[in-house]
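All remarks here apply to the structure that follows.
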Amino acid sequence: MWAKFAGHIIRKRHYILAILAVITFVMGFFATKVKMSYEMAQMLPSTDSTYQDFERFKQQFGQEGSVLVIGMQEKALFELDNFNKWYDISTDLKKVVGIDEILSIPAIVNLEKNSSEKKFIPKRVFEKKPTSQEELDSLLNVVYNLPFYNGYLYNNSDDFTLMALTLDRKYLDSKDRAVLMDSTYALIHRFEKETNLTVRSSGLPYIRSNNTTKISAEIKLFIVLAILVTSIILLLFFRSFKAMALSMLIVMVGVVWAVGFLGMFGFEISILTALIPPLIIVIGIPNCIFILNKYHHEYSIHGNQIKALNRVIHKIGNAIFLTNTTTGLGFATFIFTQSAILVEFGIIASLGIFSVFLLSITLMPIMQSFMQAPGERHIKHLERKWVYSVVKQLEVIVLNHRKAVYAVTLTILVVAAFGITKITVTGNIADDLPRYDPVYLDLKFFESEVNGVLPLEVTIDTKKQNGVFKLSNLKKIDKLQNLLGEYPEFSKPLSIVEGLKFAKQAFYGGDPSKYSLFNSQEQAFIGPYFRGADETSRELLKSYVDSNNQITRITAQVADVGTNRMEAIMTDLKPRVDSIFNPEKYVVSLTGTSIVWLKGTEYLVKNLFISLGIAILLIALIMSILFSSARMVFMSLIPNLLPLLTTAAIMGYFGISIKPSTILIFSIAFGISVDDTIHFLAKYRQELKSHSWNIKEATLLALKETGVSMIYTSIVLFFGFGVFAASEFGGTVALGMLVSLTLLVAMCSNLILLPSLILSLDKRITTKAFEKESLIELIDEEEDINLDELEINANRSNLEE
């Protein structure tokens with residue numbers, strides 16, 4: 001197949017270039033349609049019960065997680081000039097397009113009893129800006145006697161206060177978010193400048209907005225760094241601007257195709273898909289290195305450029321295809337997780353890898369055919385002494401020090417086994433942010449003041465129309481609120497019960513001691529006042545009770561405590577909730593972004609391990625087809641599993657948790673590292689046939705032949721993945737550094753442990769099945785190609801370096 005393919009590539013190069021140009025143009029068009037993702041990543045499948053509970057909640061009560069909080073702990077805020085500026089910013093922010101509601105001390109509302117009309121009248125405490133410090137202090141005293149707001153807008157224990165901004169989801173979940181946030185923070189920064197007070201910010205909109213901004217900036221940073229690093233390495237390897245420029249052209253076209261697939265499928269750029277462009281560059285360059293190395297090697301033998309290009313495609317086309325297939329499978333297995341964010345990542349990454357393979361195997365030979373034949377200095381890298389010196393040392397180790405190799409391997413396994421026991425599984429919404437990041441610091445500030453800002457929702461279905469306002473059920477809701485208040489990770493809960501307590505206080509003339517749930521006698525007196533509620537109060541009621549008065553909600557905020565602590569809380573809380581609301585009579589559901597994140601993290605970790613297992617099985621299947629020997633397949637997996645165990649141990653020793661961002665390491669690294677094994681065993685098989693099944697000679701020749709390319713590509717991959725260490729997200733940094741480390745260990749394992757095992761086990765693994773023809777046969781290096789029918793236009797454009 002590859003012989004015919006090679007002939008067509010060279011003979012029909014103009015048509016192929018035209019086709020590739022059209023495809024690239026189309027992909028470029030789709031690439032312009034790609035948008036940033038402005039929503040929280042969907043980690044749970046749509047069939048999951050937790051996801052379905054959350055969707056039902058949003059249908060009944062609307063989307064949560066749209067509140068941006070700003071605040072401070074400054075006594076100076078309550079000085080007249082500063083407070084009036086806080087009053088002004090509260091008023092000005094309400095005018096910003098995209099901000100629906102403002103809740104703050106200057107906008108605080110009290111209830112006043114109108115006995116003649118039997119209704120409560122909402123009235124602002126601060127109807128205008130105070131004109132003196134005495135007036136301000138008097139009005140603040142009114143505020144501090146409203147327990148409804150204590151724990152929300154202020155703390156009686158210190159000088160903390162906050163302002164809650166409810167943002168319009170239409171703006172929050174679109175590119176208009178940037179304009180909304182810029183307008184908001186222009187006013188906040190003006191306030192800070194005028195008062196010399198520091199305003200803190202948090203809430204899901206703030207965290208998400210900052211993450212989106214950072215992701216957008218890091219895409220450009222990673223692409224620039226990946227291009228810079230790989231370009232420098234290519235120049236050092238080949239000492240040719242032409243080889244470097246051509247290789248970079250190929251991978252950049254691959255990037256355009258990959259981003260084009262994003263637009264074609266309608267996917268958005270998330271924290272994972274943002275990694276794809278630099279991944280394509282880093283993974284695509286080794287293809288170019290293999291092809292250039294083989295091309296220069298062939299040309300150095302016979303000096304025939306077209307013959308060399310044809311032999312390159314013919315000889316290593318299958319090997320590169322297989323190695324890209326195994327790498328692609330490492331990413332494609334994410335599709336089995338059924339998590340939207342990982343499915344999208346798996347689809348685009350695997351398609352991108354296949355695309356860059358196709359571009360490498362076609363564009364590189366075609367473009368080289370238009371250029372002048374390699375000069376002496378272009379093929380001088382083939383004689384690079386330091387690389388062959390390293391390979392020579394590896395031969396010495398494999399021949400004379402196999403016992404030491406096994407001893408080191410065994411030691412690594414023992415140490416790794418202990419390190420793996422230290423691994424923890426966790427996930428925090430802000431876990432990937434540096435501890436010095438303002439977003440993280442502000443989040444912890446609000447947690448210290450109001451216990452948390454991440455949404456937690458409890459829905460209670462009484463199963464009866466008007467069941468919510470039954471006094472016995474209201475008492476149960478109050479009891480559940482008190483239960484939630486026992487957990488220091490939860491903020492003060494808010495429900496219809498708190499509103500009824502506020503109303504009772506107003507009924508008794510604003511007496512703070514009356515802030516409690518009414519009894520049956522008081523209900524008879526206060527009840528008529530609710531029937532006279534205005535339209536604003538009715539709309540507010542709809543936010544907490546459904547139209548049939550059957551289902552209600554308790555809303556709270558929770559600290560970003562991580563999945564382990566959250567799981568412990570949920571386990572402890574569930575039976576205590578059931579003791580209040582009998583599960584046979586009520587349906588109580590805990591939901592909200594914090595719960596969905598908890599379950600999503602658990603789901604991802606579980607399914608990513610499954611996807612890793614699937615990747616190992618699929619790659620083992622490919623290798624069994626390639627080598628027709630179960631023993632050889634089993635043995636070949638050992639040097640590729642060892643790096644994974646080593647990396648897992650390092651994670652355990654250094655406290656790097658397994659979470660959605662770090663679990664990717666194993667599938668990615670395994671899919672890439674097994675490429676070296678395929679190259680080595682393919683060459684080993686060829687040398688066995690050429691040297692009368694002399695295992696020792698075949699092993700050493702395979703090591704010598706493949707060692708140089710393995711070292712070259714491993715250097716590219718090591719430094720290529722290392723660019724992710726420049727990220728501001730801890731998970732991305734860990735991904736880059738650990739994948740780099742894993743691939744480095746994999747290179748050593750494939751160049752030392754694998755040949756050592758072959759020599760030690762010799763005939764026990766090189767079975768008769770291995771001697772038979774495999775279903776996918778790699779081309780023998782000594783096999784020549786008939787060029788009689790090969791026609792090529794001799795008029796080439798000489799491209800200058």
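Ligands are numbered from 1 in the order shown, chains are lettered A, B, ... in the order of the structure tokens, and residues start at 1 in each chain.
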
### Query
Quick one: DSSP alpha helix (DSSP H) residues in region 265-422 of chain A, as an MDAnalysis selection string?
chainID A and resid 265 276:302 305:332 340:370 385:400 402:420

Quick one: contact table of region 265-292 of chain A to region 314-318 of chain A, 12 Å max, nearest atom pair and distance in Å to one decimal per residue, counting only C-alpha atoms, chain and number order, as CSV?
```
residue,atom,partner,partner_atom,distance
A:Asn287,CA,A:Gly317,CA,10.1
A:Cys288,CA,A:Ile316,CA,11.7
A:Ile289,CA,A:Ile316,CA,11.9
A:Phe290,CA,A:Ile316,CA,8.3
A:Ile291,CA,A:Ile316,CA,7.7
A:Leu292,CA,A:Ile316,CA,11.1
```

### Task
Just give me the gap between CA of Val143 (chain A) and CA of Phe120 (chain A) in Å, one decimal is fine.
17.6 Å

### Distance query region 29-34 of chain A at most 6 Å, only C-alpha atoms, self and fewer than 5 positions along chain excluded, as a list in words
Val259, Gly260, Gly263 and Met264 of chain A

### Message
Give me, as an NGL selection string, all polymer residues having an atom no more than 12 Å from Gly613 (chain A), counting only C-alpha atoms and skipping those fewer than 5 positions away in the same chain.
### Response
:A and (329-330 or 333-334 or 336-337 or 606-608 or 618-620 or 641 or 666-667 or 670-671)

Emit the selected residues as a tab-separated table (two decimals), in the first residue's frame, including C-alpha atoms.
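What ended up in selection-v4.tsv:
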```
chain	number	residue	atom	x	y	z
A	329	LEU	CA	-6.03	6.35	20.82
A	330	GLY	CA	-4.58	7.69	24.06
A	333	THR	CA	-10.35	7.03	24.94
A	334	PHE	CA	-11.56	10.21	26.68
A	336	PHE	CA	-15.69	6.87	26.67
A	337	THR	CA	-16.00	9.14	29.74
A	606	LYS	CA	-13.55	6.95	37.94
A	607	ASN	CA	-14.12	7.04	34.18
A	608	LEU	CA	-10.67	8.35	33.32
A	618	LEU	CA	-6.63	-1.13	22.46
A	619	ILE	CA	-2.92	-0.44	22.10
A	620	ALA	CA	-2.13	-4.00	23.21
A	641	LEU	CA	3.60	0.90	32.52
A	666	PHE	CA	-1.57	8.89	32.22
A	667	SER	CA	-3.63	8.37	29.06
A	670	PHE	CA	0.94	6.09	27.65
A	671	GLY	CA	-0.34	6.76	24.14
```

### Message
Ranking A:Val22, A:Ile752, A:Leu474, A:Leu275 by minimum distance to Ala404 (chain A) and counting only C-alpha atoms, which one comes first?
### Response
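Comparing A:Val22, A:Ile752, A:Leu474, A:Leu275 against Ala404 (chain A), the winner is A:Ile752.
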
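Of the residues under consideration (A:Tyr684, A:Phe525, A:Phe718, A:Phe518), A:Tyr684 shows the shortest atom-to-atom contact distance to Glu705 (chain A) when counting only C-alpha atoms.
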
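Backbone DSSP over region 118-207 of chain A yields strand (DSSP E) at Lys119, Phe120, Ile121, Pro122, Lys123, Arg124, Phe160, Thr161, Leu162, Met163, Ala164, Leu165, Thr166, Leu167, Arg200, Ser201 and Ser202 of chain A.
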